[in-house]
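This report refers to the structure that appears directly beneath it.
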Amino acid sequence: VQENFMIEEPWQVIDVLGLMGDASDNIPGCPGIGPKTAMKLISTYKSIDGLYENIGDLKGKMKENLVEFEAQVRLSRILAKIILDVPVEFEEDKLIMEEPNWKKLNELFSDLEFRQLMRRQEAKTTPAADSLFEQGSLFAIPAVSTVPTMETEAPAIKNLENFSTVQHQYYLVETAAQRASLRAELSVQKEFCFDTETTGLDTQTAELVCLSFSFRSHEAYCVTLPEDREKATEIVREFRFVFGDEKIVKIGQNIKFDLAMLLNYGVELKGPLFDTMIAHYLIQPEMRHNLDYLCELYVGYEKITTETLIGKKGVAQLNMRQVEVEKLRDYACEDADLTLQLKVAIENDLEKSGTRKLFDEVEMPLIYVLADMERTGVKLNTTELSLYAEVLRQQLTGIEKEIIELAGEEFNVSSPKQLGVILFEKLNIDPNVKMTKTKQYSTAEETLEKLQDRHPIIAKILEFRGLKKLLNTYVEALPLLINPQTGKLHTNYNQAIAATGRLSSTNPNLQNIPIRDENGRELRKAFIPSNAAHTFLSADYSQIELRIMAALSQDRQMIEAFANNEDIHSITASKIYKIPLSEVTSDMRRKAKTANFGIIYGISAFGLATRLNIPRTEAKQLIDGYFENFQGVKAYMDKSIEKARSMGYVETIMGRRRILNDINSANSMVRGMAERNAINAPIQGSAADIIKVAMINIWKELRQQKLESKMILQVHDELNFDVLIPELEQVKSIVKHEMEHAVNIGVPLTVEINAGDNWLDAH
């Protein structure tokens with residue numbers, strides 16, 4: 001220690017840390033003083049006190065920083081010192097090694113999904129279960145059965161059942177007579193489960209290989225389909241009446257995929273749906289929802305893996321068309337059979353979680369809406385994108401030259417390693433910068449944003465990266481994803497990914513298109529109507545999250561502002577700064593707007609200061625002023641956290657739950673994140689509920705009025721439409737009414753709606 005820290009006494013380590021700081025423990029230290037300088041100063045002056053007694057010996061920027069940040073340095077020393085007088089009693093008997101409580105431990109393993117640890121417990125004598133879904137509870141673990149053993153021996157956990165241990169009857173359906181018999185059986189069921197096996201996962205290009213059905217546990221049927229598309233279509237269409245029967249409940253796992261595949265073969269799915277993936281998502285939004293996992297969790301069954309059939313991902317991987325028919329039958333039938341059993345097992349927990357109504361009235365009807373949007377797609381102006389790509393490349397070249405000039409030497413701006421050396425060795429922008437695991441300087445965006453005021457090169461690097469991401473991720477990539485058959489871009493909307501209830505989009509992700517700066521907004525110009533007979537319509541909720549905050553908090557002043565259609569940001573600024581509304585400047589409004597939205601996300605004074613680039617004291621005054629004037633908001637936040645602590649979850653206006661397992665964590669950082677989620681999840685989740693209801697109602701109304709116009713995009717609080725020009729006013733009226741009246745929250749919902757030649761013009 002003496003050698004490494006250049007000190008004589010152990011306690012001097014505290015003084016070294018007090019000077020240099022320690023980012024991992026949030027000890028700030030003194031700006032501009034790194035490890036080497038701190039050690040040299042303590043080696044010379046023995047302590048922080050000794051250093052300040054001889055501060056006149058120093059000069060330049062280091063002396064200025066030490067004088068300016070003396071209070072921070074002395075506080076840092078206190079923070080660096082380990083507290084030794086905590087009243088903790090030493091209880092020796094608690095250190096004795098004892099046998100665990102295996103029952104509680106196994107419950108914990110199940111809750112945390114530690115399946116390997118569960119399986120390591122040796123299986124004892126456990127009779128096979130009569131039913132695959134005997135253990136229906138969400139938190140069920142494989143059944144435990146014990147025999148007389150030594151007291152130190154752990155109880156055994158039952159092995160998972162599988163295809164070879166459970167009796168089943170899986171049938172191939174290959175002839176017209178067999179198909180007719182199956183259709184007759186299906187037509188008299190109250191519900192049946194079905195699944196599709198395909199040649200790929202892209203519904204726009206994949207082909208059906210087989211259909212599988214199950215309506216009795218341990219029994220399923222596999223309808224094989226020929227490779228010839230025309231003949232396969234004829235067979236699939238034989239089932240159009242059972243698929244289109246609105247009285248029969250159709251069960252599936254990720255049923256939107258199967259629905260889309262049927263549409264490709266001219267068969268429309270109708271009636272109530274039950275999607276086991278989405279059911280589990282509503283019960284436990286942050287856990288996994290794939291079929292393999294759910295079968296293990298609810299049914300105690302390890303299903304045949306896809307890899308067993310077609311191999312691992314890669315060049316050598318087969319597609320389902322190449323699998324032996326008997327193996328295909330077993331795999332496809334097992335999927336349908338297990339999903340049917342899973343529905344029975346999971347339904348109980350759906351009721352218990354209080355989300356059944358949300359499931360039936362929102363998430364299930366929404367499947368039809370999303371499938372239609374995905375199928376419709378959106379048109380891109382590739383010429384516009386090509387021209388814009390060239391503009392971005394020229395901008396990048398110019399910014400790169402500026403960065404190299406500011407650095408004073410040639411280097412690869414795109415190389416984090418080379419950039420780190422320039423920033424933190426040559427320019428010495430931050431002596432306390434963190435190193436990555438590979439012993440390089442961290443040049444992550446989060447790191448650089450905190451250093452923007454240290455050197456003009458940082459802002460240029462951030463601008464360079466933003467433009468490069470825009471070019472690579474969107475401008476150059478989107479044209480390559482256009483479907484050659486439809487000439488459109490088809491994204492995939494996911495209902496079971498975002499824990500807040502928000503929809504997400506993938507392949508491509510159209511919800512992450514940057515819109516804050518001019519370059520990002522320019523990208524929207526490339527999204528256009530399907531043809532000259534159509535126009536692009538955009539409808540966006542105005543400040544929906546703030547309106548929900550007003551409704552949930554019942555803050556009188558916020559409710560009045562929205563009821564009177566007043567500018568909430570100007571009113572907030574007026575109250576925080578204690579000035580008349582007429583004296584609010586644009587800068588004051590900007591800061592109030594950031595505070596308004598930041599409060600929803602539980603922003604701290606430090607976070608607000610960083611975002612607004614203002615002193616932390618001013619940021620704290622802004623937050624204090626906000627809570628002083630909007631006391632209902634503060635009361636709501638406190639109440640949300642308290643409810644989460646006692647219940648373990650929070651809810652949206654429609655009963656969507658967000659489980660917060662870390663709300664009572666001893667780790668303050670982990671607990672703080674859960675507390676912020678306790679405040680924000682009901683707001684974000686309620687916004688998700690509202691726009692989903694609006695989407696369902698708009699979709700139904702467009703169909704009912706037999707309009708050709710289509711909903712094509714959902715991005716956060718915004719809906720976009722491809723509208724036949726003669727239908728424009730009619731569609732505008734429908735969209736505005738259904739969005740503004742989707743859910744009555746007690747605060748007016750307002751929608752900004754415009755049409756144009758492209759997304760940018762319409763927004």
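Chain labels A, B, ... are given in the sequence in which chains occur in the structure tokens; within each chain residues are numbered consecutively from 1, and ligands are likewise numbered from 1 in the order shown.
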Would you give me, as JSON lines, each residue of segment 433-527 of chain A having an atom within 10 Å of an atom of segment 273-280 of chain A, along with its shortest atom pair and that distance in Å to one decimal, using only C-alpha atoms and sorting by chain and residue number?
{"residue": "A:Asn494", "atom": "CA", "partner": "A:Ile278", "partner_atom": "CA", "distance": 9.9}
{"residue": "A:Gln495", "atom": "CA", "partner": "A:Ile278", "partner_atom": "CA", "distance": 7.1}
{"residue": "A:Ala496", "atom": "CA", "partner": "A:Ile278", "partner_atom": "CA", "distance": 5.9}
{"residue": "A:Ile497", "atom": "CA", "partner": "A:Ile278", "partner_atom": "CA", "distance": 9.6}
- Item | Distance query Lys81 of chain A at most 12 Å, only C-alpha atoms, self and fewer than 2 positions along chain excluded, as a ChimeraX atom specification | /A:10-18,21-22,25,27,74-79,83-85
- Message: Residues within 9 Å of segment 612-617 of chain A, please, as an MDAnalysis selection string. Count only C-alpha atoms; anything in the same chain fewer than 4 positions from it doesn't count.
- Response: chainID A and resid 453 590:591 594 605:608 621:622
- Message: My list of candidates is A:Gly314, A:Gly50, A:Gly655, A:Pro272. Which is closest to Ser686 of chain A when distances are computed with only C-alpha atoms?
- Response: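 Nearest to Ser686 of chain A: A:Gly655.
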- Do a neighbour search on Pro529 of chain A at 9 Å with only C-alpha atoms, toss out local chain neighbours closer than 3 positions, and write the hits as a ChimeraX atom specification. /A:378-380,532-537,721-723,756-759
- When you draw a straight line from atom CA of Glu68 of chain A to atom CA of Leu19 of chain A, how long is it in Å? 13.1 Å
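Across the structure, atom CA of Lys190 of chain A and atom CA of Leu291 of chain A are spaced 23.1 Å apart.
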- Query: segment 541-557 of chain A: which residues within 9 Å, counting only C-alpha atoms, same-chain residues fewer than 3 positions away excluded, as a PyMOL selection string?
  - Reply: chain A and resi 560-562+568+596-597+600+629-637+653+682-684+686-687+691+717-719+739-740+745-753
Now that the selection is made, can you save its residues with N, CA and C atoms as a short mmCIF file (atom, residue, chain, number, x, y, z; two decimals), in the first residue's frame?
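This went into result-v1.cif:
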data_model
loop_
_atom_site.label_atom_id
_atom_site.label_comp_id
_atom_site.auth_asym_id
_atom_site.auth_seq_id
_atom_site.Cartn_x
_atom_site.Cartn_y
_atom_site.Cartn_z
N GLU A 560 -56.91 22.25 -13.94
CA GLU A 560 -57.50 23.51 -14.42
C GLU A 560 -56.81 23.99 -15.69
N ALA A 561 -55.49 23.87 -15.72
CA ALA A 561 -54.74 24.33 -16.89
C ALA A 561 -55.16 23.56 -18.14
N PHE A 562 -55.28 22.24 -18.02
CA PHE A 562 -55.67 21.43 -19.18
C PHE A 562 -57.14 21.65 -19.53
N ILE A 568 -49.40 24.52 -20.49
CA ILE A 568 -48.97 23.99 -19.19
C ILE A 568 -47.53 24.37 -18.87
N ASN A 596 -41.17 19.61 -16.28
CA ASN A 596 -42.47 18.94 -16.36
C ASN A 596 -42.33 17.48 -16.77
N PHE A 597 -41.58 17.25 -17.86
CA PHE A 597 -41.43 15.87 -18.34
C PHE A 597 -40.42 15.10 -17.49
N ILE A 600 -41.88 13.39 -14.30
CA ILE A 600 -42.57 12.12 -14.59
C ILE A 600 -41.60 10.95 -14.49
N ASN A 629 -45.61 24.24 -5.90
CA ASN A 629 -46.79 24.71 -6.61
C ASN A 629 -47.72 23.59 -7.05
N PHE A 630 -47.16 22.41 -7.32
CA PHE A 630 -47.98 21.27 -7.74
C PHE A 630 -47.89 20.20 -6.66
N GLN A 631 -48.51 20.49 -5.52
CA GLN A 631 -48.40 19.61 -4.36
C GLN A 631 -49.09 18.26 -4.58
N GLY A 632 -50.10 18.27 -5.45
CA GLY A 632 -50.79 17.01 -5.75
C GLY A 632 -49.86 16.03 -6.45
N VAL A 633 -48.95 16.55 -7.28
CA VAL A 633 -47.99 15.70 -7.98
C VAL A 633 -47.04 15.04 -6.99
N LYS A 634 -46.54 15.82 -6.03
CA LYS A 634 -45.63 15.27 -5.01
C LYS A 634 -46.35 14.21 -4.19
N ALA A 635 -47.61 14.48 -3.84
CA ALA A 635 -48.38 13.51 -3.05
C ALA A 635 -48.59 12.22 -3.85
N TYR A 636 -48.84 12.35 -5.17
CA TYR A 636 -49.02 11.16 -6.02
C TYR A 636 -47.73 10.34 -6.07
N MET A 637 -46.60 11.02 -6.22
CA MET A 637 -45.32 10.31 -6.31
C MET A 637 -45.03 9.53 -5.03
N ILE A 653 -54.33 2.98 -15.39
CA ILE A 653 -55.76 3.27 -15.25
C ILE A 653 -56.63 2.10 -15.69
N PRO A 682 -47.13 3.77 -14.13
CA PRO A 682 -48.57 4.00 -14.32
C PRO A 682 -48.88 5.06 -15.38
N ILE A 683 -47.96 6.01 -15.55
CA ILE A 683 -48.18 7.07 -16.54
C ILE A 683 -47.91 6.55 -17.95
N GLN A 684 -46.73 5.97 -18.15
CA GLN A 684 -46.41 5.41 -19.47
C GLN A 684 -47.37 4.30 -19.84
N SER A 686 -50.45 3.83 -18.78
CA SER A 686 -51.78 4.38 -19.07
C SER A 686 -51.81 4.99 -20.47
N ALA A 687 -50.73 5.66 -20.86
CA ALA A 687 -50.64 6.21 -22.22
C ALA A 687 -50.71 5.08 -23.25
N ILE A 691 -53.78 4.67 -26.14
CA ILE A 691 -53.57 4.65 -27.60
C ILE A 691 -53.96 3.30 -28.19
N ASP A 717 -46.93 8.13 -29.10
CA ASP A 717 -48.27 8.69 -28.91
C ASP A 717 -48.87 9.17 -30.23
N GLU A 718 -48.36 8.65 -31.31
CA GLU A 718 -48.73 9.13 -32.64
C GLU A 718 -49.22 7.99 -33.51
N LEU A 719 -50.29 8.25 -34.29
CA LEU A 719 -50.80 7.29 -35.26
C LEU A 719 -50.71 7.91 -36.65
N MET A 739 -59.53 9.03 -30.82
CA MET A 739 -58.34 9.25 -30.00
C MET A 739 -58.68 10.09 -28.77
N GLU A 740 -59.50 11.12 -28.96
CA GLU A 740 -59.82 12.01 -27.85
C GLU A 740 -60.84 11.41 -26.88
N ILE A 745 -60.42 10.02 -18.70
CA ILE A 745 -59.53 10.07 -17.53
C ILE A 745 -59.84 11.27 -16.63
N GLY A 746 -60.84 12.05 -17.00
CA GLY A 746 -61.20 13.21 -16.20
C GLY A 746 -60.45 14.46 -16.58
N VAL A 747 -59.56 14.33 -17.57
CA VAL A 747 -58.80 15.47 -18.11
C VAL A 747 -58.94 15.38 -19.62
N PRO A 748 -59.20 16.48 -20.32
CA PRO A 748 -59.38 16.41 -21.77
C PRO A 748 -58.13 15.88 -22.48
N LEU A 749 -58.34 14.96 -23.42
CA LEU A 749 -57.27 14.49 -24.29
C LEU A 749 -57.39 15.26 -25.60
N THR A 750 -56.31 15.86 -26.04
CA THR A 750 -56.36 16.62 -27.29
C THR A 750 -55.40 16.01 -28.31
N VAL A 751 -55.78 16.09 -29.57
CA VAL A 751 -55.01 15.48 -30.65
C VAL A 751 -54.71 16.51 -31.72
N GLU A 752 -53.44 16.57 -32.12
CA GLU A 752 -53.04 17.42 -33.25
C GLU A 752 -53.03 16.55 -34.49
N ILE A 753 -53.75 16.97 -35.52
CA ILE A 753 -53.92 16.12 -36.70
C ILE A 753 -53.70 16.93 -37.97
#
- Find, counting only C-alpha atoms, the residue in A:Asn680, A:Ser604, A:Asn264, A:Asn667 that gets nearest to Ala371 of chain A.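 Ranking A:Asn680, A:Ser604, A:Asn264, A:Asn667 by distance to Ala371 of chain A, first place goes to A:Asn264.
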- Task: Just the residues within 12 Å of Leu112 of chain A, please, counting only C-alpha atoms, with nothing from its chain fewer than 6 positions along; format it as number ranges by chain.
- Result: A: 105-106, 118, 139, 141, 286-288, 297, 661
Same residues, C-alpha atoms, output as an mmCIF file, in the first residue's frame:
data_model
loop_
_atom_site.group_PDB
_atom_site.id
_atom_site.type_symbol
_atom_site.label_atom_id
_atom_site.label_comp_id
_atom_site.auth_asym_id
_atom_site.auth_seq_id
_atom_site.Cartn_x
_atom_site.Cartn_y
_atom_site.Cartn_z
ATOM 1 C CA LEU A 105 -34.585 -22.086 -1.605
ATOM 2 C CA ASN A 106 -36.340 -23.965 -4.398
ATOM 3 C CA MET A 118 -33.087 -26.580 -9.470
ATOM 4 C CA PHE A 139 -44.771 -19.529 -9.266
ATOM 5 C CA ILE A 141 -41.862 -25.312 -9.256
ATOM 6 C CA GLU A 286 -40.501 -8.447 -17.252
ATOM 7 C CA MET A 287 -40.063 -12.218 -17.510
ATOM 8 C CA ARG A 288 -39.612 -14.289 -20.684
ATOM 9 C CA LEU A 297 -42.847 -23.075 -15.691
ATOM 10 C CA ASN A 661 -39.315 -6.656 -7.155
#
- Could you give me, as number ranges by chain, each residue of segment 227-413 of chain A that DSSP assigns to strand (DSSP E) when run on this structure's backbone? A: 249-252, 273-275, 379-380
Could you write out that same residue set with all heavy atoms as a PDB file, in the first residue's frame?
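Once written, out-v8.pdb looks like this:
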ATOM      1  N   VAL A 249     -63.363 -19.761 -29.863  1.00  0.00           N
ATOM      2  CA  VAL A 249     -62.141 -19.111 -29.377  1.00  0.00           C
ATOM      3  C   VAL A 249     -60.936 -19.809 -30.002  1.00  0.00           C
ATOM      4  O   VAL A 249     -60.826 -21.043 -29.953  1.00  0.00           O
ATOM      5  CB  VAL A 249     -62.044 -19.191 -27.839  1.00  0.00           C
ATOM      6  CG1 VAL A 249     -60.731 -18.573 -27.351  1.00  0.00           C
ATOM      7  CG2 VAL A 249     -63.236 -18.506 -27.183  1.00  0.00           C
ATOM      8  N   LYS A 250     -60.049 -19.011 -30.619  1.00  0.00           N
ATOM      9  CA  LYS A 250     -58.824 -19.578 -31.188  1.00  0.00           C
ATOM     10  C   LYS A 250     -57.659 -19.310 -30.236  1.00  0.00           C
ATOM     11  O   LYS A 250     -57.433 -18.165 -29.835  1.00  0.00           O
ATOM     12  CB  LYS A 250     -58.505 -18.968 -32.551  1.00  0.00           C
ATOM     13  CG  LYS A 250     -59.377 -19.499 -33.686  1.00  0.00           C
ATOM     14  CD  LYS A 250     -60.724 -18.842 -33.671  1.00  0.00           C
ATOM     15  CE  LYS A 250     -61.583 -19.267 -34.845  1.00  0.00           C
ATOM     16  NZ  LYS A 250     -62.901 -18.572 -34.785  1.00  0.00           N
ATOM     17  N   ILE A 251     -56.937 -20.358 -29.897  1.00  0.00           N
ATOM     18  CA  ILE A 251     -55.832 -20.280 -28.931  1.00  0.00           C
ATOM     19  C   ILE A 251     -54.514 -20.425 -29.679  1.00  0.00           C
ATOM     20  O   ILE A 251     -54.401 -21.232 -30.610  1.00  0.00           O
ATOM     21  CB  ILE A 251     -55.962 -21.405 -27.880  1.00  0.00           C
ATOM     22  CG1 ILE A 251     -57.315 -21.322 -27.162  1.00  0.00           C
ATOM     23  CG2 ILE A 251     -54.820 -21.363 -26.867  1.00  0.00           C
ATOM     24  CD1 ILE A 251     -57.717 -22.612 -26.471  1.00  0.00           C
ATOM     25  N   GLY A 252     -53.526 -19.658 -29.263  1.00  0.00           N
ATOM     26  CA  GLY A 252     -52.214 -19.776 -29.887  1.00  0.00           C
ATOM     27  C   GLY A 252     -51.143 -19.133 -29.035  1.00  0.00           C
ATOM     28  O   GLY A 252     -51.430 -18.440 -28.056  1.00  0.00           O
ATOM     29  N   LEU A 273     -59.754 -14.369 -29.395  1.00  0.00           N
ATOM     30  CA  LEU A 273     -58.427 -14.991 -29.395  1.00  0.00           C
ATOM     31  C   LEU A 273     -57.946 -15.171 -27.963  1.00  0.00           C
ATOM     32  O   LEU A 273     -58.333 -14.428 -27.065  1.00  0.00           O
ATOM     33  CB  LEU A 273     -57.427 -14.125 -30.156  1.00  0.00           C
ATOM     34  CG  LEU A 273     -57.773 -13.738 -31.598  1.00  0.00           C
ATOM     35  CD1 LEU A 273     -56.710 -12.799 -32.154  1.00  0.00           C
ATOM     36  CD2 LEU A 273     -57.917 -14.969 -32.470  1.00  0.00           C
ATOM     37  N   PHE A 274     -57.073 -16.164 -27.779  1.00  0.00           N
ATOM     38  CA  PHE A 274     -56.379 -16.317 -26.487  1.00  0.00           C
ATOM     39  C   PHE A 274     -54.924 -16.618 -26.808  1.00  0.00           C
ATOM     40  O   PHE A 274     -54.581 -17.712 -27.259  1.00  0.00           O
ATOM     41  CB  PHE A 274     -56.980 -17.443 -25.641  1.00  0.00           C
ATOM     42  CG  PHE A 274     -56.472 -17.435 -24.221  1.00  0.00           C
ATOM     43  CD1 PHE A 274     -57.272 -16.969 -23.183  1.00  0.00           C
ATOM     44  CD2 PHE A 274     -55.176 -17.860 -23.903  1.00  0.00           C
ATOM     45  CE1 PHE A 274     -56.807 -16.934 -21.874  1.00  0.00           C
ATOM     46  CE2 PHE A 274     -54.690 -17.820 -22.601  1.00  0.00           C
ATOM     47  CZ  PHE A 274     -55.517 -17.365 -21.587  1.00  0.00           C
ATOM     48  N   ASP A 275     -54.076 -15.619 -26.588  1.00  0.00           N
ATOM     49  CA  ASP A 275     -52.642 -15.755 -26.853  1.00  0.00           C
ATOM     50  C   ASP A 275     -51.919 -15.987 -25.533  1.00  0.00           C
ATOM     51  O   ASP A 275     -51.887 -15.103 -24.664  1.00  0.00           O
ATOM     52  CB  ASP A 275     -52.120 -14.488 -27.539  1.00  0.00           C
ATOM     53  CG  ASP A 275     -50.706 -14.658 -28.083  1.00  0.00           C
ATOM     54  OD1 ASP A 275     -49.878 -15.269 -27.395  1.00  0.00           O
ATOM     55  OD2 ASP A 275     -50.444 -14.174 -29.198  1.00  0.00           O
ATOM     56  N   LYS A 379     -44.976   3.130 -47.486  1.00  0.00           N
ATOM     57  CA  LYS A 379     -44.183   3.393 -48.699  1.00  0.00           C
ATOM     58  C   LYS A 379     -43.019   4.332 -48.379  1.00  0.00           C
ATOM     59  O   LYS A 379     -43.158   5.269 -47.587  1.00  0.00           O
ATOM     60  CB  LYS A 379     -45.088   4.043 -49.744  1.00  0.00           C
ATOM     61  CG  LYS A 379     -44.426   4.276 -51.080  1.00  0.00           C
ATOM     62  CD  LYS A 379     -44.848   3.250 -52.094  1.00  0.00           C
ATOM     63  CE  LYS A 379     -44.341   3.620 -53.477  1.00  0.00           C
ATOM     64  NZ  LYS A 379     -44.713   2.638 -54.482  1.00  0.00           N
ATOM     65  N   LEU A 380     -41.871   4.075 -49.010  1.00  0.00           N
ATOM     66  CA  LEU A 380     -40.683   4.917 -48.825  1.00  0.00           C
ATOM     67  C   LEU A 380     -40.296   5.567 -50.145  1.00  0.00           C
ATOM     68  O   LEU A 380     -40.357   4.927 -51.202  1.00  0.00           O
ATOM     69  CB  LEU A 380     -39.501   4.075 -48.338  1.00  0.00           C
ATOM     70  CG  LEU A 380     -39.387   3.735 -46.861  1.00  0.00           C
ATOM     71  CD1 LEU A 380     -38.083   2.998 -46.624  1.00  0.00           C
ATOM     72  CD2 LEU A 380     -39.447   4.962 -45.989  1.00  0.00           C
TER      73      LEU A 380
END
- Query: So how many Å separate atom CA of Asp335 of chain A and atom CA of Arg356 of chain A, to one decimal?
  - Reply: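 About the pair atom CA of Asp335 of chain A and atom CA of Arg356 of chain A: they are 23.8 Å apart.
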- Spatial neighbours of segment 575-580 of chain A, 12 Å, only C-alpha atoms, chain gap at least 5 places, as a ChimeraX atom specification: /A:557-558,568-570,585,587-589,591-593,595-596,618-630
